[in-house]
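Asker: Below is a structure I'd like to ask you about.
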Amino acid sequence: MLSRRAINQLIILTLCPLLSLWAQKKEYKVINIGFYNLENFFDTIHQEHVNDYEFLPTGNKGYTSEVYQDKVKHMASVITDMGKQFSPDGVALLGVAEIENEGVLKDLINTGKLPYKIVHYDSPDKRGIDVALLYNPAYFTVISSKSLTVQLPDGYPTRDVLWVTGKLDGEVYHIFVNHWPSRRNGEAASAPGRAIAAGVSRHIMDSLFRIDPNTNVVLMGDLNDNPTNESMTRVLKAKGDAEKLKENELFNPWMAFFKKGIGTLAYQDSWALFDQIVMSQHLLNKDDGHYHFYKANIFKRDDMIQTSGRYQGYPKRTFDFDNYMGGFSDHFPTFITLIKAN
């Protein structure tokens, strides 16, 4: 039988590796940056020069104040929970798409008691939907913002690109929020429009990288293209292999998701990954004491997934044509997590 002294020595020897690991464990600051297509987030009041008639109480959808308030609460609940597994404050920056105006975002913030301020411009989109950036002022301070026009060859008005420059925990970042032209006329026929939209942000990035190759850039949006499409790989120069990036190319963490068949929206039982967040190479650098990329995530709770019918397994949407589904959005939101040693 072992003596008490021998037993104690054995316990100490057993615990030593654990104590060593605990002593070496680092503490990190965490910031989440997200994107969410809020799917036709209209209010119930007609806005002049906007084709919002179906999203009025008198429209075919019966878009009443009760439906609108339900939509607001659903959106707020998702945004509240995004990123909580990594930070108690959730997402510090959130790009959003398919919003009618700044008013719906104010309702969202007030209803959900969310800690955000808003950067928004009205865009010329014919449907009246815009992009915007919500930011937590505890993490991010806006320096400047600008709405960048996307001029399509046929003159059809589409969403502008929102470019926001600010300081994230004291470090300058350039944030681009996008909603590229849809595939309504078919993927091939509409591809040139998305290439043009990609080029708008890429042109600005090239100027920034010429000044400082270590510029922090984050581009996000509903891009209506997958990570493998040319608008992403050739025009935006966003690639999925961090080890093989060439000078000034962007890193796209969603390439690996897409190649595994994982997406953020579905159509005819096929998953697409349009909701992407890509970044400049400086955010891959773990050695210079700044925030760097840790993980990419698609956020989905059980109640955000359709459990029956023809959309079973898809994101639970607000409407199925004119039938109210009581859902959230036809897109799952995405976010990336950045960390920095404390």
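Identifiers in this document derive from the order of the structure tokens: chains are assigned A, B, ..., residues are numbered from 1 separately in each chain, and ligands are numbered from 1 in order of occurrence.
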DSSP on the backbone: which residues in region 187-321 of chain A end up as alpha helix (DSSP H)? Give the answer as a PyMOL selection string.
Answerer: chain A and resi 187-211+230+254-259
Asker: Can you pull out the residues contacting region 153-168 of chain A? Cut-off 10 Å, using only C-alpha atoms, and skip same-chain residues under 6 positions away; I want them as a ChimeraX atom specification.
Answerer: /A:31,92-93,95,97-98,119-133,136-147,174-182,192-193,196-198,200-201,204,216-217,219,221,291
Asker: Can you tell me which residues surround Phe41 (chain A) at a distance of at most 10 Å, considering only C-alpha atoms, apart from same-chain residues fewer than 3 positions away, and format the answer as a list in words?
Answerer: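 Residues near the query, excluding close chain neighbours: Asn37, Leu38, Thr44, Phe55, Tyr68, Lys71, Val72, Met75, Ala97, Glu98, Ile99, Glu100, Asn101, Val104, Leu105, Ile129, Asp130, Thr318 and Ser329 of chain A.
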Asker: Excluding Met279 (chain A) and residues on its chain fewer than 2 positions from it, collect all residues at most 10 Å away from it, counting only C-alpha atoms, and give them as a PyMOL selection string.
Answerer: chain A and resi 174-175+216-220+238+249-253+277+281-284+293+336
Asker: Env of Lys73 (chain A): 8 Å cut, atoms = only C-alpha atoms, seq-sep filter 5 positions within chain, self excluded. Answer as a list of chain:residue names.
Answerer: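 The neighbour list is A:Leu108, A:Thr111, A:Gly112.
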